[in-house]
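As stored in my_file-v9.txt (compact mmCIF, N, CA and C atoms):
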# COMPACT_ATOMS: atom_id res chain seq x y z
N MET A 104 53.48 -98.82 104.50
CA MET A 104 52.57 -99.82 104.02
C MET A 104 53.00 -101.19 104.55
N PRO A 105 52.13 -101.89 105.28
CA PRO A 105 52.49 -103.19 105.85
C PRO A 105 52.71 -104.25 104.76
N VAL A 106 53.63 -105.13 105.06
CA VAL A 106 53.93 -106.23 104.14
C VAL A 106 52.94 -107.36 104.39
N LYS A 107 52.39 -107.91 103.33
CA LYS A 107 51.42 -108.99 103.46
C LYS A 107 52.12 -110.34 103.46
N LYS A 108 51.55 -111.29 104.21
CA LYS A 108 52.11 -112.64 104.25
C LYS A 108 52.20 -113.24 102.86
N ALA A 109 51.21 -113.00 102.05
CA ALA A 109 51.19 -113.54 100.68
C ALA A 109 52.37 -113.00 99.87
N ASP A 110 52.74 -111.74 100.10
CA ASP A 110 53.88 -111.15 99.39
C ASP A 110 55.19 -111.80 99.83
N ILE A 111 55.31 -112.05 101.12
CA ILE A 111 56.52 -112.69 101.65
C ILE A 111 56.62 -114.10 101.09
N LYS A 112 55.52 -114.83 101.12
CA LYS A 112 55.54 -116.20 100.59
C LYS A 112 55.91 -116.20 99.11
N GLN A 113 55.36 -115.29 98.35
CA GLN A 113 55.68 -115.22 96.92
C GLN A 113 57.15 -114.90 96.70
N PHE A 114 57.69 -114.00 97.51
CA PHE A 114 59.12 -113.67 97.43
C PHE A 114 59.97 -114.93 97.67
N LEU A 115 59.60 -115.70 98.69
CA LEU A 115 60.35 -116.92 99.01
C LEU A 115 60.20 -117.98 97.92
N LEU A 116 59.03 -118.05 97.32
CA LEU A 116 58.81 -118.98 96.20
C LEU A 116 59.61 -118.56 94.97
N ASP A 117 59.73 -117.26 94.75
CA ASP A 117 60.44 -116.74 93.58
C ASP A 117 61.97 -116.77 93.74
N THR A 118 62.44 -116.76 94.97
CA THR A 118 63.88 -116.76 95.24
C THR A 118 64.41 -118.19 95.16
N LYS A 119 65.43 -118.37 94.36
CA LYS A 119 66.04 -119.69 94.18
C LYS A 119 67.17 -119.89 95.17
N VAL A 120 67.34 -121.14 95.57
CA VAL A 120 68.38 -121.51 96.53
C VAL A 120 69.76 -121.03 96.05
N GLN A 121 70.01 -121.07 94.76
CA GLN A 121 71.32 -120.67 94.23
C GLN A 121 71.66 -119.21 94.55
N GLU A 122 70.65 -118.38 94.83
CA GLU A 122 70.88 -116.98 95.19
C GLU A 122 71.34 -116.83 96.64
N VAL A 123 71.14 -117.86 97.44
CA VAL A 123 71.38 -117.78 98.87
C VAL A 123 72.50 -118.71 99.33
N MET A 124 72.68 -119.82 98.67
CA MET A 124 73.63 -120.85 99.10
C MET A 124 75.07 -120.34 99.12
N VAL A 125 75.88 -121.00 99.91
CA VAL A 125 77.31 -120.70 99.99
C VAL A 125 78.03 -121.70 99.10
N SER A 126 78.95 -121.17 98.31
CA SER A 126 79.75 -122.00 97.42
C SER A 126 81.07 -121.28 97.19
N PRO A 127 82.20 -121.94 97.20
CA PRO A 127 82.40 -123.37 97.38
C PRO A 127 82.18 -123.79 98.84
N VAL A 128 82.11 -125.09 99.05
CA VAL A 128 81.77 -125.66 100.35
C VAL A 128 82.98 -126.40 100.92
N ILE A 129 83.19 -126.26 102.22
CA ILE A 129 84.22 -127.03 102.91
C ILE A 129 83.65 -128.44 103.10
N THR A 130 84.40 -129.44 102.71
CA THR A 130 83.92 -130.83 102.76
C THR A 130 84.98 -131.76 103.33
N VAL A 131 84.57 -132.99 103.57
CA VAL A 131 85.48 -134.07 103.89
C VAL A 131 85.10 -135.26 103.00
N LYS A 132 86.05 -136.17 102.83
CA LYS A 132 85.78 -137.40 102.08
C LYS A 132 85.45 -138.50 103.07
N GLU A 133 84.62 -139.44 102.65
CA GLU A 133 84.20 -140.50 103.55
C GLU A 133 85.37 -141.36 104.03
N THR A 134 86.50 -141.31 103.34
CA THR A 134 87.68 -142.09 103.73
C THR A 134 88.67 -141.29 104.57
N ASP A 135 88.38 -140.00 104.83
CA ASP A 135 89.28 -139.16 105.62
C ASP A 135 89.33 -139.63 107.07
N ASP A 136 90.45 -139.32 107.73
CA ASP A 136 90.55 -139.57 109.16
C ASP A 136 89.52 -138.69 109.87
N PHE A 137 88.94 -139.22 110.94
CA PHE A 137 87.92 -138.46 111.65
C PHE A 137 88.47 -137.18 112.26
N ALA A 138 89.75 -137.16 112.62
CA ALA A 138 90.36 -135.95 113.19
C ALA A 138 90.28 -134.78 112.21
N LEU A 139 90.22 -135.06 110.91
CA LEU A 139 90.12 -133.99 109.92
C LEU A 139 88.79 -133.24 110.04
N VAL A 140 87.75 -133.92 110.50
CA VAL A 140 86.46 -133.27 110.73
C VAL A 140 86.64 -132.14 111.75
N GLN A 141 87.25 -132.45 112.86
CA GLN A 141 87.48 -131.45 113.91
C GLN A 141 88.38 -130.33 113.41
N GLU A 142 89.43 -130.68 112.67
CA GLU A 142 90.35 -129.68 112.15
C GLU A 142 89.64 -128.69 111.23
N LYS A 143 88.83 -129.19 110.32
CA LYS A 143 88.14 -128.31 109.37
C LYS A 143 87.06 -127.47 110.04
N ILE A 144 86.35 -128.06 110.98
CA ILE A 144 85.33 -127.29 111.71
C ILE A 144 85.99 -126.12 112.44
N ALA A 145 87.13 -126.37 113.07
CA ALA A 145 87.84 -125.32 113.80
C ALA A 145 88.49 -124.32 112.86
N LEU A 146 89.17 -124.79 111.85
CA LEU A 146 89.92 -123.93 110.94
C LEU A 146 89.02 -123.01 110.13
N TYR A 147 87.90 -123.53 109.63
CA TYR A 147 87.03 -122.75 108.77
C TYR A 147 85.81 -122.18 109.49
N ASP A 148 85.70 -122.44 110.79
CA ASP A 148 84.60 -121.93 111.60
C ASP A 148 83.24 -122.26 110.97
N VAL A 149 83.05 -123.56 110.67
CA VAL A 149 81.79 -124.06 110.12
C VAL A 149 81.20 -125.06 111.09
N ARG A 150 79.90 -125.31 110.95
CA ARG A 150 79.25 -126.28 111.84
C ARG A 150 78.80 -127.54 111.12
N HIS A 151 78.88 -127.53 109.78
CA HIS A 151 78.42 -128.68 109.01
C HIS A 151 79.40 -128.97 107.89
N LEU A 152 79.69 -130.26 107.70
CA LEU A 152 80.57 -130.68 106.63
C LEU A 152 79.89 -131.76 105.80
N PRO A 153 79.59 -131.48 104.54
CA PRO A 153 79.13 -132.56 103.67
C PRO A 153 80.25 -133.58 103.49
N VAL A 154 79.87 -134.84 103.40
CA VAL A 154 80.83 -135.92 103.21
C VAL A 154 80.66 -136.42 101.77
N LEU A 155 81.79 -136.47 101.05
CA LEU A 155 81.77 -136.86 99.65
C LEU A 155 82.43 -138.22 99.45
N ASP A 156 81.94 -138.95 98.44
CA ASP A 156 82.60 -140.22 98.09
C ASP A 156 83.72 -139.93 97.10
N GLU A 157 84.34 -140.99 96.58
CA GLU A 157 85.49 -140.83 95.67
C GLU A 157 85.13 -140.12 94.36
N THR A 158 83.85 -140.10 94.02
CA THR A 158 83.42 -139.43 92.78
C THR A 158 83.02 -137.98 93.02
N GLY A 159 82.99 -137.56 94.28
CA GLY A 159 82.59 -136.20 94.61
C GLY A 159 81.10 -136.05 94.87
N SER A 160 80.39 -137.18 94.95
CA SER A 160 78.96 -137.15 95.24
C SER A 160 78.73 -137.06 96.75
N VAL A 161 77.66 -136.38 97.14
CA VAL A 161 77.32 -136.25 98.56
C VAL A 161 76.75 -137.58 99.05
N VAL A 162 77.41 -138.15 100.06
CA VAL A 162 76.95 -139.42 100.64
C VAL A 162 76.61 -139.30 102.12
N GLY A 163 76.97 -138.16 102.71
CA GLY A 163 76.71 -138.00 104.13
C GLY A 163 76.90 -136.58 104.59
N LEU A 164 76.70 -136.40 105.90
CA LEU A 164 76.83 -135.10 106.53
C LEU A 164 77.29 -135.34 107.96
N ILE A 165 78.21 -134.50 108.40
CA ILE A 165 78.68 -134.57 109.79
C ILE A 165 78.67 -133.14 110.32
N SER A 166 78.24 -132.98 111.58
CA SER A 166 78.12 -131.64 112.15
C SER A 166 79.00 -131.48 113.39
N GLN A 167 79.15 -130.24 113.79
CA GLN A 167 79.89 -129.94 115.01
C GLN A 167 79.21 -130.61 116.20
N ARG A 168 77.90 -130.62 116.22
CA ARG A 168 77.17 -131.27 117.30
C ARG A 168 77.46 -132.77 117.33
N ASP A 169 77.52 -133.39 116.15
CA ASP A 169 77.88 -134.82 116.09
C ASP A 169 79.25 -135.05 116.69
N LEU A 170 80.19 -134.18 116.33
CA LEU A 170 81.55 -134.29 116.85
C LEU A 170 81.54 -134.24 118.37
N TYR A 171 80.83 -133.27 118.95
CA TYR A 171 80.77 -133.16 120.41
C TYR A 171 80.15 -134.39 121.05
N GLN A 172 79.15 -134.98 120.41
CA GLN A 172 78.49 -136.16 120.97
C GLN A 172 79.36 -137.41 120.84
N ILE A 173 80.14 -137.48 119.78
CA ILE A 173 80.98 -138.65 119.54
C ILE A 173 82.20 -138.64 120.45
N HIS A 174 82.83 -137.47 120.59
CA HIS A 174 84.04 -137.37 121.41
C HIS A 174 84.19 -135.94 121.92
N SER A 175 84.15 -135.78 123.21
CA SER A 175 84.25 -134.45 123.82
C SER A 175 85.71 -133.98 123.86
N PRO A 176 85.92 -132.68 123.70
CA PRO A 176 87.29 -132.16 123.84
C PRO A 176 87.70 -132.12 125.31
N ARG A 177 88.97 -131.98 125.52
CA ARG A 177 89.52 -131.86 126.88
C ARG A 177 89.96 -130.41 127.09
N ARG A 178 89.77 -129.93 128.32
CA ARG A 178 90.19 -128.56 128.66
C ARG A 178 91.63 -128.62 129.18
N LEU A 179 92.45 -127.74 128.61
CA LEU A 179 93.84 -127.63 129.05
C LEU A 179 93.93 -126.66 130.23
N GLU A 180 95.07 -126.63 130.88
CA GLU A 180 95.26 -125.76 132.05
C GLU A 180 95.07 -124.29 131.72
N ASP A 181 95.38 -123.89 130.47
CA ASP A 181 95.23 -122.50 130.08
C ASP A 181 93.79 -122.14 129.71
N GLY A 182 92.87 -123.11 129.81
CA GLY A 182 91.47 -122.86 129.53
C GLY A 182 91.05 -123.17 128.10
N SER A 183 92.03 -123.45 127.24
CA SER A 183 91.69 -123.79 125.85
C SER A 183 91.23 -125.24 125.76
N TRP A 184 90.63 -125.57 124.62
CA TRP A 184 90.12 -126.92 124.40
C TRP A 184 91.03 -127.68 123.46
N TYR A 185 91.12 -128.99 123.69
CA TYR A 185 92.02 -129.82 122.92
C TYR A 185 91.34 -131.14 122.57
N TYR A 186 91.48 -131.54 121.32
CA TYR A 186 91.02 -132.86 120.88
C TYR A 186 92.23 -133.76 120.68
N ASP A 187 92.15 -134.96 121.19
CA ASP A 187 93.19 -135.96 120.98
C ASP A 187 92.96 -136.60 119.61
N LYS A 188 93.85 -136.33 118.67
CA LYS A 188 93.68 -136.82 117.30
C LYS A 188 93.63 -138.34 117.24
N ASP A 189 94.45 -139.01 118.04
CA ASP A 189 94.44 -140.47 118.02
C ASP A 189 93.09 -141.02 118.49
N ALA A 190 92.54 -140.38 119.51
CA ALA A 190 91.23 -140.81 120.01
C ALA A 190 90.15 -140.55 118.95
N LEU A 191 90.21 -139.41 118.28
CA LEU A 191 89.24 -139.11 117.22
C LEU A 191 89.35 -140.12 116.08
N ASN A 192 90.58 -140.47 115.73
CA ASN A 192 90.78 -141.36 114.59
C ASN A 192 90.39 -142.81 114.87
N GLN A 193 89.97 -143.10 116.08
CA GLN A 193 89.42 -144.43 116.36
C GLN A 193 88.01 -144.56 115.78
N PHE A 194 87.41 -143.42 115.45
CA PHE A 194 86.08 -143.43 114.85
C PHE A 194 86.23 -143.38 113.33
N ILE A 195 85.40 -144.11 112.64
CA ILE A 195 85.42 -144.14 111.19
C ILE A 195 84.29 -143.25 110.70
N LEU A 196 84.67 -142.21 109.96
CA LEU A 196 83.71 -141.20 109.50
C LEU A 196 82.51 -141.83 108.81
N LYS A 197 82.76 -142.77 107.95
CA LYS A 197 81.68 -143.42 107.20
C LYS A 197 80.64 -144.08 108.12
N ASN A 198 81.09 -144.50 109.30
CA ASN A 198 80.20 -145.18 110.25
C ASN A 198 79.44 -144.23 111.18
N VAL A 199 79.89 -142.99 111.30
CA VAL A 199 79.25 -142.06 112.24
C VAL A 199 78.54 -140.89 111.56
N MET A 200 78.77 -140.71 110.27
CA MET A 200 78.11 -139.61 109.55
C MET A 200 76.63 -139.92 109.38
N HIS A 201 75.85 -138.89 109.07
CA HIS A 201 74.46 -139.07 108.70
C HIS A 201 74.46 -139.41 107.21
N ALA A 202 74.17 -140.66 106.89
CA ALA A 202 74.21 -141.11 105.51
C ALA A 202 72.98 -140.61 104.74
N LYS A 203 73.17 -140.41 103.45
CA LYS A 203 72.11 -139.99 102.53
C LYS A 203 71.31 -138.80 103.07
N PRO A 204 71.96 -137.66 103.27
CA PRO A 204 71.25 -136.50 103.81
C PRO A 204 70.23 -135.95 102.82
N PHE A 205 69.27 -135.24 103.36
CA PHE A 205 68.29 -134.52 102.54
C PHE A 205 69.06 -133.47 101.73
N THR A 206 68.77 -133.38 100.45
CA THR A 206 69.41 -132.40 99.59
C THR A 206 68.36 -131.68 98.76
N LEU A 207 68.75 -130.55 98.21
CA LEU A 207 67.92 -129.82 97.27
C LEU A 207 68.77 -129.44 96.07
N LYS A 208 68.12 -129.02 95.01
CA LYS A 208 68.78 -128.52 93.81
C LYS A 208 68.91 -127.00 93.92
N ALA A 209 69.85 -126.44 93.17
CA ALA A 209 70.06 -124.99 93.17
C ALA A 209 68.83 -124.25 92.67
N SER A 210 68.03 -124.92 91.84
CA SER A 210 66.83 -124.29 91.28
C SER A 210 65.61 -124.39 92.21
N SER A 211 65.76 -125.06 93.35
CA SER A 211 64.67 -125.15 94.32
C SER A 211 64.38 -123.77 94.88
N SER A 212 63.17 -123.59 95.36
CA SER A 212 62.81 -122.29 95.94
C SER A 212 63.31 -122.18 97.38
N LEU A 213 63.55 -120.96 97.79
CA LEU A 213 63.94 -120.71 99.17
C LEU A 213 62.81 -121.12 100.10
N TYR A 214 61.58 -120.98 99.65
CA TYR A 214 60.43 -121.41 100.44
C TYR A 214 60.53 -122.90 100.76
N GLU A 215 60.84 -123.70 99.75
CA GLU A 215 60.97 -125.15 99.95
C GLU A 215 62.08 -125.46 100.94
N ALA A 216 63.18 -124.74 100.84
CA ALA A 216 64.31 -124.96 101.75
C ALA A 216 63.95 -124.60 103.18
N ILE A 217 63.29 -123.47 103.36
CA ILE A 217 62.90 -123.04 104.71
C ILE A 217 61.88 -124.01 105.29
N GLU A 218 60.93 -124.43 104.47
CA GLU A 218 59.90 -125.36 104.93
C GLU A 218 60.54 -126.66 105.41
N ALA A 219 61.50 -127.20 104.67
CA ALA A 219 62.18 -128.44 105.06
C ALA A 219 63.03 -128.22 106.31
N THR A 220 63.71 -127.09 106.38
CA THR A 220 64.54 -126.77 107.54
C THR A 220 63.71 -126.74 108.82
N VAL A 221 62.56 -126.10 108.75
CA VAL A 221 61.68 -126.00 109.92
C VAL A 221 61.04 -127.35 110.24
N ARG A 222 60.50 -128.01 109.25
CA ARG A 222 59.79 -129.27 109.47
C ARG A 222 60.69 -130.36 110.06
N PHE A 223 61.89 -130.48 109.52
CA PHE A 223 62.78 -131.57 109.93
C PHE A 223 63.90 -131.12 110.86
N LYS A 224 63.91 -129.83 111.24
CA LYS A 224 64.91 -129.26 112.15
C LYS A 224 66.33 -129.42 111.62
N PHE A 225 66.49 -129.18 110.31
CA PHE A 225 67.81 -129.25 109.70
C PHE A 225 68.62 -128.01 110.05
N GLY A 226 69.90 -128.19 110.27
CA GLY A 226 70.80 -127.06 110.44
C GLY A 226 71.36 -126.61 109.11
N CYS A 227 71.35 -127.53 108.13
CA CYS A 227 71.84 -127.20 106.80
C CYS A 227 71.24 -128.16 105.78
N ILE A 228 71.33 -127.74 104.54
CA ILE A 228 70.90 -128.59 103.43
C ILE A 228 71.97 -128.51 102.35
N PRO A 229 72.59 -129.64 102.01
CA PRO A 229 73.53 -129.64 100.88
C PRO A 229 72.74 -129.42 99.58
N ILE A 230 73.32 -128.64 98.68
CA ILE A 230 72.71 -128.35 97.40
C ILE A 230 73.50 -129.11 96.33
N VAL A 231 72.78 -129.92 95.55
CA VAL A 231 73.43 -130.82 94.60
C VAL A 231 72.88 -130.63 93.19
N ASP A 232 73.62 -131.15 92.22
CA ASP A 232 73.13 -131.16 90.84
C ASP A 232 72.42 -132.49 90.58
N ASP A 233 72.10 -132.75 89.34
CA ASP A 233 71.36 -133.97 88.98
C ASP A 233 72.15 -135.25 89.24
N TYR A 234 73.46 -135.13 89.42
CA TYR A 234 74.32 -136.30 89.64
C TYR A 234 74.79 -136.42 91.10
N GLN A 235 74.13 -135.69 91.98
CA GLN A 235 74.45 -135.67 93.41
C GLN A 235 75.80 -135.02 93.71
N LYS A 236 76.35 -134.26 92.76
CA LYS A 236 77.59 -133.51 92.98
C LYS A 236 77.25 -132.24 93.73
N LEU A 237 78.06 -131.92 94.70
CA LEU A 237 77.82 -130.76 95.56
C LEU A 237 78.01 -129.45 94.81
N CYS A 238 77.01 -128.58 94.91
CA CYS A 238 77.07 -127.24 94.29
C CYS A 238 77.21 -126.15 95.34
N GLY A 239 76.68 -126.40 96.53
CA GLY A 239 76.68 -125.39 97.58
C GLY A 239 76.06 -125.96 98.84
N ILE A 240 75.91 -125.09 99.82
CA ILE A 240 75.28 -125.50 101.08
C ILE A 240 74.42 -124.33 101.56
N LEU A 241 73.30 -124.68 102.13
CA LEU A 241 72.38 -123.69 102.67
C LEU A 241 72.24 -123.98 104.16
N THR A 242 72.54 -122.99 104.99
CA THR A 242 72.42 -123.16 106.44
C THR A 242 71.37 -122.20 106.98
N ARG A 243 70.95 -122.45 108.19
CA ARG A 243 70.01 -121.52 108.83
C ARG A 243 70.60 -120.11 108.85
N ASP A 244 71.89 -120.02 109.17
CA ASP A 244 72.53 -118.71 109.22
C ASP A 244 72.54 -118.02 107.87
N THR A 245 72.83 -118.75 106.79
CA THR A 245 72.86 -118.10 105.48
C THR A 245 71.47 -117.63 105.07
N ILE A 246 70.45 -118.39 105.44
CA ILE A 246 69.07 -117.98 105.14
C ILE A 246 68.75 -116.69 105.90
N LEU A 247 69.06 -116.66 107.19
CA LEU A 247 68.76 -115.48 108.00
C LEU A 247 69.54 -114.26 107.53
N LYS A 248 70.83 -114.45 107.21
CA LYS A 248 71.64 -113.33 106.72
C LYS A 248 71.06 -112.78 105.42
N PHE A 249 70.62 -113.67 104.55
CA PHE A 249 70.01 -113.23 103.29
C PHE A 249 68.75 -112.43 103.55
N LEU A 250 67.92 -112.89 104.46
CA LEU A 250 66.64 -112.24 104.73
C LEU A 250 66.80 -110.87 105.38
N ILE A 251 67.86 -110.65 106.14
CA ILE A 251 68.03 -109.34 106.77
C ILE A 251 68.84 -108.38 105.91
N SER A 252 69.41 -108.89 104.82
CA SER A 252 70.23 -107.99 103.96
C SER A 252 69.36 -107.19 103.01

Let me see the structure of the file written as structure tokens.
Amino acid sequence: MPVKKADIKQFLLDTKVQEVMVSPVITVKETDDFALVQEKIALYDVRHLPVLDETGSVVGLISQRDLYQIHSPRRLEDGSWYYDKDALNQFILKNVMHAKPFTLKASSSLYEAIEATVRFKFGCIPIVDDYQKLCGILTRDTILKFLIS
């Protein structure tokens, strides 16, 4: 029996972001050294890092793509890549992050998240509570993994 578009849309409307989001989330603080962005991206194999203020509220977002555009790594003789921490730390995270990123609540529908991801070409959406405290993160990959499971 073929699946109807209306059934798929209803499923996405009924599915809440909290069922799909990843939590806990790897983050950085807006006062952290910029080299920590590269370290966490490499160590945890993530492409997006929400940036938190001193209260733990989401104030920005930095991505692996941003890192590459801001400062390219150098190739070593053995073929591996290397970032110069001193060069990275010349950049101030607060000045290069995407400030005030688009966020959703955990109770938002997956349909709303997918619609925003497609419309605005987001790679991720931080999920926050009523006080802008981070609850989770929703990425294109987590959405796709959920849909194929």

Name all residues at most 8 Å from Leu116 of chain A (count only N, CA and C atoms; drop same-chain ones fewer than 4 positions away) and give them as a JSON list (two decimals) with N, CA and C atoms, in the frame of the given file.
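Done, and the output landed in around-v9.json:
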[["chain", "number", "residue", "atom", "x", "y", "z"],
["A", 110, "ASP", "N", 52.74, -111.74, 100.10],
["A", 110, "ASP", "CA", 53.88, -111.15, 99.39],
["A", 110, "ASP", "C", 55.19, -111.80, 99.83],
["A", 111, "ILE", "N", 55.31, -112.05, 101.12],
["A", 111, "ILE", "CA", 56.52, -112.69, 101.65],
["A", 111, "ILE", "C", 56.62, -114.10, 101.09],
["A", 112, "LYS", "N", 55.52, -114.83, 101.12],
["A", 112, "LYS", "CA", 55.54, -116.20, 100.59],
["A", 112, "LYS", "C", 55.91, -116.20, 99.11],
["A", 211, "SER", "N", 65.76, -125.06, 93.35],
["A", 211, "SER", "CA", 64.67, -125.15, 94.32],
["A", 211, "SER", "C", 64.38, -123.77, 94.88],
["A", 212, "SER", "N", 63.17, -123.59, 95.36],
["A", 212, "SER", "CA", 62.81, -122.29, 95.94],
["A", 212, "SER", "C", 63.31, -122.18, 97.38],
["A", 213, "LEU", "N", 63.55, -120.96, 97.79],
["A", 213, "LEU", "CA", 63.94, -120.71, 99.17],
["A", 213, "LEU", "C", 62.81, -121.12, 100.10],
["A", 214, "TYR", "N", 61.58, -120.98, 99.65],
["A", 214, "TYR", "CA", 60.43, -121.41, 100.44],
["A", 214, "TYR", "C", 60.53, -122.90, 100.76],
["A", 215, "GLU", "N", 60.84, -123.70, 99.75],
["A", 215, "GLU", "CA", 60.97, -125.15, 99.95],
["A", 215, "GLU", "C", 62.08, -125.46, 100.94]]

Pull the neighbourhood of (75.2, -128.0, 93.9) for me: all residues within 7 Å in file coordinates, counting all atoms listed in the file, as a PDB file with N, CA and C atoms, keeping the file's coordinate frame.
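See out34.pdb below for the written result:
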ATOM      1  N   LEU A 207      68.750-130.550  98.210  1.00  0.00           N
ATOM      2  CA  LEU A 207      67.920-129.820  97.270  1.00  0.00           C
ATOM      3  C   LEU A 207      68.770-129.440  96.070  1.00  0.00           C
ATOM      4  N   LYS A 208      68.120-129.020  95.010  1.00  0.00           N
ATOM      5  CA  LYS A 208      68.780-128.520  93.810  1.00  0.00           C
ATOM      6  C   LYS A 208      68.910-127.000  93.920  1.00  0.00           C
ATOM      7  N   ALA A 209      69.850-126.440  93.170  1.00  0.00           N
ATOM      8  CA  ALA A 209      70.060-124.990  93.170  1.00  0.00           C
ATOM      9  C   ALA A 209      68.830-124.250  92.670  1.00  0.00           C
ATOM     10  N   PRO A 229      72.590-129.640 102.010  1.00  0.00           N
ATOM     11  CA  PRO A 229      73.530-129.640 100.880  1.00  0.00           C
ATOM     12  C   PRO A 229      72.740-129.420  99.580  1.00  0.00           C
ATOM     13  N   ILE A 230      73.320-128.640  98.680  1.00  0.00           N
ATOM     14  CA  ILE A 230      72.710-128.350  97.400  1.00  0.00           C
ATOM     15  C   ILE A 230      73.500-129.110  96.330  1.00  0.00           C
ATOM     16  N   VAL A 231      72.780-129.920  95.550  1.00  0.00           N
ATOM     17  CA  VAL A 231      73.430-130.820  94.600  1.00  0.00           C
ATOM     18  C   VAL A 231      72.880-130.630  93.190  1.00  0.00           C
ATOM     19  N   ASP A 232      73.620-131.150  92.220  1.00  0.00           N
ATOM     20  CA  ASP A 232      73.130-131.160  90.840  1.00  0.00           C
ATOM     21  C   ASP A 232      72.420-132.490  90.580  1.00  0.00           C
ATOM     22  N   LYS A 236      76.350-134.260  92.760  1.00  0.00           N
ATOM     23  CA  LYS A 236      77.590-133.510  92.980  1.00  0.00           C
ATOM     24  C   LYS A 236      77.250-132.240  93.730  1.00  0.00           C
ATOM     25  N   LEU A 237      78.060-131.920  94.700  1.00  0.00           N
ATOM     26  CA  LEU A 237      77.820-130.760  95.560  1.00  0.00           C
ATOM     27  C   LEU A 237      78.010-129.450  94.810  1.00  0.00           C
ATOM     28  N   CYS A 238      77.010-128.580  94.910  1.00  0.00           N
ATOM     29  CA  CYS A 238      77.070-127.240  94.290  1.00  0.00           C
ATOM     30  C   CYS A 238      77.210-126.150  95.340  1.00  0.00           C
ATOM     31  N   GLY A 239      76.680-126.400  96.530  1.00  0.00           N
ATOM     32  CA  GLY A 239      76.680-125.390  97.580  1.00  0.00           C
ATOM     33  C   GLY A 239      76.060-125.960  98.840  1.00  0.00           C
ATOM     34  N   ILE A 240      75.910-125.090  99.820  1.00  0.00           N
ATOM     35  CA  ILE A 240      75.280-125.500 101.080  1.00  0.00           C
ATOM     36  C   ILE A 240      74.420-124.330 101.560  1.00  0.00           C
TER      37      ILE A 240
END

- Please run DSSP on the backbone and report, as a PyMOL selection string, all residues within segment 110-247 of chain A that come out as strand (DSSP E). chain A and resi 131-132+151-155+161-166+177-178+184-185+201-202+207-208+227-231+237-242

Need the axis-aligned box for segment 110-117 of chain A with 4 Å each side, so what are the centre and edges in Å to one decimal, as JSON?
{"center_x": 57.4, "center_y": -115.1, "center_z": 97.6, "size_x": 17.2, "size_y": 15.8, "size_z": 16.1}

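Straight-line separation from atom CA of Ala219 of chain A to atom CA of Leu152 of chain A: 18.6 Å.
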
- Enumerate, as a PyMOL selection string, the protein, DNA and RNA residues whose atoms approach (89.2, -141.2, 103.0) to within 12 Å, taking into account only C-alpha atoms and the coordinate frame of the file. chain A and resi 130-140+154-159+192+195-197

Create the file for the chosen residues now, containing N, CA and C atoms and written as a CSV table (one decimal), in the coordinates of the input.
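The result, written out as again06.csv:
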chain,number,residue,atom,x,y,z
A,130,THR,N,84.4,-129.4,102.7
A,130,THR,CA,83.9,-130.8,102.8
A,130,THR,C,85.0,-131.8,103.3
A,131,VAL,N,84.6,-133.0,103.6
A,131,VAL,CA,85.5,-134.1,103.9
A,131,VAL,C,85.1,-135.3,103.0
A,132,LYS,N,86.0,-136.2,102.8
A,132,LYS,CA,85.8,-137.4,102.1
A,132,LYS,C,85.4,-138.5,103.1
A,133,GLU,N,84.6,-139.4,102.6
A,133,GLU,CA,84.2,-140.5,103.6
A,133,GLU,C,85.4,-141.4,104.0
A,134,THR,N,86.5,-141.3,103.3
A,134,THR,CA,87.7,-142.1,103.7
A,134,THR,C,88.7,-141.3,104.6
A,135,ASP,N,88.4,-140.0,104.8
A,135,ASP,CA,89.3,-139.2,105.6
A,135,ASP,C,89.3,-139.6,107.1
A,136,ASP,N,90.4,-139.3,107.7
A,136,ASP,CA,90.6,-139.6,109.2
A,136,ASP,C,89.5,-138.7,109.9
A,137,PHE,N,88.9,-139.2,110.9
A,137,PHE,CA,87.9,-138.5,111.6
A,137,PHE,C,88.5,-137.2,112.3
A,138,ALA,N,89.8,-137.2,112.6
A,138,ALA,CA,90.4,-136.0,113.2
A,138,ALA,C,90.3,-134.8,112.2
A,139,LEU,N,90.2,-135.1,110.9
A,139,LEU,CA,90.1,-134.0,109.9
A,139,LEU,C,88.8,-133.2,110.0
A,140,VAL,N,87.8,-133.9,110.5
A,140,VAL,CA,86.5,-133.3,110.7
A,140,VAL,C,86.6,-132.1,111.8
A,154,VAL,N,79.9,-134.8,103.4
A,154,VAL,CA,80.8,-135.9,103.2
A,154,VAL,C,80.7,-136.4,101.8
A,155,LEU,N,81.8,-136.5,101.0
A,155,LEU,CA,81.8,-136.9,99.6
A,155,LEU,C,82.4,-138.2,99.4
A,156,ASP,N,81.9,-139.0,98.4
A,156,ASP,CA,82.6,-140.2,98.1
A,156,ASP,C,83.7,-139.9,97.1
A,157,GLU,N,84.3,-141.0,96.6
A,157,GLU,CA,85.5,-140.8,95.7
A,157,GLU,C,85.1,-140.1,94.4
A,158,THR,N,83.8,-140.1,94.0
A,158,THR,CA,83.4,-139.4,92.8
A,158,THR,C,83.0,-138.0,93.0
A,159,GLY,N,83.0,-137.6,94.3
A,159,GLY,CA,82.6,-136.2,94.6
A,159,GLY,C,81.1,-136.0,94.9
A,192,ASN,N,90.6,-140.5,115.7
A,192,ASN,CA,90.8,-141.4,114.6
A,192,ASN,C,90.4,-142.8,114.9
A,195,ILE,N,85.4,-144.1,112.6
A,195,ILE,CA,85.4,-144.1,111.2
A,195,ILE,C,84.3,-143.2,110.7
A,196,LEU,N,84.7,-142.2,110.0
A,196,LEU,CA,83.7,-141.2,109.5
A,196,LEU,C,82.5,-141.8,108.8
A,197,LYS,N,82.8,-142.8,108.0
A,197,LYS,CA,81.7,-143.4,107.2
A,197,LYS,C,80.6,-144.1,108.1

- Counting only C-alpha atoms, the residue of A:Val162, A:Leu179, A:Ile129, A:Ile144 that sits nearest Thr206 of chain A: A:Val162
